[in-house]
Amino acid sequence: AGAFHDDFLDRPNIIPLSLIWSEALEQISKASGVADSLKQEQDSIIDRIATNPNLWTKKYLNSLKTFKQEVYDLDRKDPNYLERGIVVGEQVTLDRSDTTRQSILYRLQSRIEGLIQKAQANPVNHNRTLQAQRSVNNDGDSIEDAEIVNIKSES
(Lines give C-alpha, C1' and ligand atoms only; values in the text may rest on other atoms or scores of the structure.)
Protein backbone atom coordinates (compact mmCIF):
# COMPACT_ATOMS: atom_id res chain seq x y z
CA ALA A 1 0.00 0.00 0.00
CA GLY A 2 1.10 3.54 -0.67
CA ALA A 3 0.38 6.39 1.68
CA PHE A 4 0.27 10.08 0.94
CA HIS A 5 -1.13 13.20 2.53
CA ASP A 6 -4.44 14.30 1.02
CA ASP A 7 -4.16 18.10 1.01
CA PHE A 8 -7.83 18.57 0.17
CA LEU A 9 -9.08 16.53 3.14
CA ASP A 10 -5.98 17.35 5.24
CA ARG A 11 -5.40 13.74 6.29
CA PRO A 12 -3.30 10.73 5.37
CA ASN A 13 -4.67 8.62 2.55
CA ILE A 14 -3.68 5.02 1.93
CA ILE A 15 -4.16 3.43 -1.46
CA PRO A 16 -3.60 -0.25 -2.20
CA LEU A 17 -0.82 -0.75 -4.73
CA SER A 18 -0.43 -3.71 -7.05
CA LEU A 19 2.33 -6.18 -6.24
CA ILE A 20 3.26 -6.05 -9.93
CA TRP A 21 5.78 -3.22 -10.16
CA SER A 22 4.73 -1.87 -13.55
CA GLU A 23 1.08 -1.73 -12.43
CA ALA A 24 2.06 -0.05 -9.15
CA LEU A 25 4.02 2.61 -11.05
CA GLU A 26 1.00 3.27 -13.24
CA GLN A 27 -1.23 3.57 -10.16
CA ILE A 28 1.22 6.01 -8.57
CA SER A 29 1.38 8.12 -11.71
CA LYS A 30 -2.42 8.34 -11.90
CA ALA A 31 -3.07 9.10 -8.21
CA SER A 32 -2.67 12.78 -7.47
CA GLY A 33 -0.04 13.53 -4.84
CA VAL A 34 1.29 9.99 -4.40
CA ALA A 35 4.54 10.45 -6.36
CA ASP A 36 5.27 13.74 -4.56
CA SER A 37 4.52 12.17 -1.18
CA LEU A 38 6.82 9.22 -1.90
CA LYS A 39 9.59 11.58 -3.03
CA GLN A 40 9.20 13.64 0.17
CA GLU A 41 9.38 10.48 2.28
CA GLN A 42 12.50 9.32 0.42
CA ASP A 43 14.15 12.71 0.90
CA SER A 44 13.24 12.69 4.60
CA ILE A 45 14.81 9.26 5.11
CA ILE A 46 17.94 10.28 3.19
CA ASP A 47 18.24 13.44 5.32
CA ARG A 48 17.97 11.35 8.50
CA ILE A 49 20.65 8.98 7.21
CA ALA A 50 22.92 11.88 6.24
CA THR A 51 22.72 13.31 9.76
CA ASN A 52 22.98 9.89 11.40
CA PRO A 53 25.04 7.46 9.24
CA ASN A 54 24.51 4.70 11.82
CA LEU A 55 20.93 4.39 10.55
CA TRP A 56 22.30 3.33 7.18
CA THR A 57 24.58 0.61 8.52
CA LYS A 58 22.31 -0.59 11.34
CA LYS A 59 18.90 -0.39 9.68
CA TYR A 60 18.60 0.38 5.99
CA LEU A 61 21.63 -1.29 4.38
CA ASN A 62 20.71 -4.81 5.55
CA SER A 63 17.12 -4.33 4.34
CA LEU A 64 18.43 -3.14 0.98
CA LYS A 65 20.76 -6.13 0.66
CA THR A 66 17.94 -8.54 1.54
CA PHE A 67 15.61 -6.91 -0.99
CA LYS A 68 18.27 -7.00 -3.72
CA GLN A 69 18.81 -10.72 -3.14
CA GLU A 70 15.06 -11.37 -3.24
CA VAL A 71 14.87 -9.55 -6.56
CA TYR A 72 17.87 -11.47 -7.97
CA ASP A 73 16.16 -14.70 -6.90
CA LEU A 74 12.83 -13.96 -8.64
CA ASP A 75 11.49 -16.90 -10.59
CA ARG A 76 11.27 -16.43 -14.36
CA LYS A 77 7.49 -16.84 -14.05
CA ASP A 78 7.17 -13.96 -11.56
CA PRO A 79 5.42 -10.95 -13.16
CA ASN A 80 8.21 -8.69 -11.87
CA TYR A 81 11.02 -10.79 -13.37
CA LEU A 82 11.28 -8.64 -16.51
CA GLU A 83 11.80 -5.49 -14.39
CA ARG A 84 14.56 -7.09 -12.35
CA GLY A 85 17.42 -5.59 -14.36
CA ILE A 86 16.05 -2.06 -13.97
CA VAL A 87 15.70 -2.43 -10.21
CA VAL A 88 18.91 -4.26 -9.26
CA GLY A 89 20.84 -4.67 -12.49
CA GLU A 90 22.09 -8.02 -13.62
CA GLN A 91 24.57 -10.01 -11.63
CA VAL A 92 28.10 -9.37 -12.87
CA THR A 93 29.40 -11.88 -15.40
CA LEU A 94 32.30 -11.81 -17.85
CA ASP A 95 29.89 -10.46 -20.49
CA ARG A 96 28.23 -7.85 -18.26
CA SER A 97 30.60 -6.16 -15.86
CA ASP A 98 28.92 -2.74 -15.63
CA THR A 99 25.16 -3.43 -15.85
CA THR A 100 24.61 -3.26 -12.09
CA ARG A 101 25.87 0.33 -12.06
CA GLN A 102 22.82 1.40 -14.06
CA SER A 103 20.21 -0.02 -11.68
CA ILE A 104 17.84 2.08 -9.58
CA LEU A 105 19.03 0.58 -6.31
CA TYR A 106 22.69 0.98 -7.23
CA ARG A 107 22.16 4.69 -7.93
CA LEU A 108 20.19 5.12 -4.68
CA GLN A 109 22.84 3.33 -2.63
CA SER A 110 25.63 5.33 -4.26
CA ARG A 111 23.80 8.60 -3.56
CA ILE A 112 23.29 7.75 0.11
CA GLU A 113 26.85 6.52 0.63
CA GLY A 114 28.17 9.67 -1.08
CA LEU A 115 26.16 11.86 1.31
CA ILE A 116 27.44 9.86 4.27
CA GLN A 117 31.05 10.25 3.14
CA LYS A 118 30.53 13.98 2.67
CA ALA A 119 28.92 14.29 6.11
CA GLN A 120 31.71 12.32 7.78
CA ALA A 121 34.39 14.37 6.03
CA ASN A 122 32.91 17.63 7.30
CA PRO A 123 30.26 16.87 9.97
CA VAL A 124 30.00 20.35 11.50
CA ASN A 125 29.30 22.20 8.26
CA HIS A 126 26.95 19.46 7.02
CA ASN A 127 24.90 19.46 10.22
CA ARG A 128 24.69 23.24 10.23
CA THR A 129 23.54 23.32 6.62
CA LEU A 130 20.81 20.76 7.24
CA GLN A 131 19.51 22.65 10.28
CA ALA A 132 19.55 26.00 8.50
CA GLN A 133 17.33 24.58 5.74
CA ARG A 134 14.64 23.50 8.19
CA SER A 135 11.91 25.91 9.21
CA VAL A 136 11.01 24.02 12.41
CA ASN A 137 13.39 22.52 14.96
CA ASN A 138 12.97 19.15 16.72
CA ASP A 139 10.84 20.72 19.48
CA GLY A 140 8.34 22.06 16.94
CA ASP A 141 9.42 25.67 17.50
CA SER A 142 9.95 27.97 14.53
CA ILE A 143 13.50 28.98 13.79
CA GLU A 144 14.79 31.87 11.75
CA ASP A 145 16.62 31.11 8.52
CA ALA A 146 19.79 32.67 9.95
CA GLU A 147 19.69 30.57 13.13
CA ILE A 148 22.27 27.79 12.95
CA VAL A 149 22.18 24.97 15.45
CA ASN A 150 24.53 21.99 15.68
CA ILE A 151 22.74 18.66 15.45
CA LYS A 152 23.93 15.80 17.63
CA SER A 153 24.18 12.48 15.82
CA GLU A 154 22.06 9.65 17.14
CA SER A 155 23.99 6.49 17.93
# chains A, B, ... in the order shown; residues from 1 in each chain; ligands from 1
call {"tool": "residues_around", "arguments": {"residues": "A:Ser18", "least_positions_apart": "5", "cutoff": "9 Å", "atoms": "only C-alpha atoms", "output": "number ranges by chain"}}
result
A: 1, 23-25, 27
call {"tool": "closest_residue", "arguments": {"among": "A:Asn80, A:Asn54, A:Ser63, A:Gln120", "to": "A:Ile20", "atoms": "only C-alpha atoms"}}
result
A:Asn80
call {"tool": "closest_residue", "arguments": {"among": "A:Asn62, A:Gln40, A:Gln109, A:Val87", "to": "A:Leu74", "atoms": "only C-alpha atoms"}}
result
A:Val87
call {"tool": "atom_distance", "arguments": {"atom1": "atom CA of A:Gly114", "atom2": "atom CA of A:Asp73"}}
result
27.8 Å
call {"tool": "closest_residue", "arguments": {"among": "A:Lys68, A:Lys118, A:Lys77, A:Arg111", "to": "A:Asp43", "atoms": "only C-alpha atoms"}}
result
A:Arg111
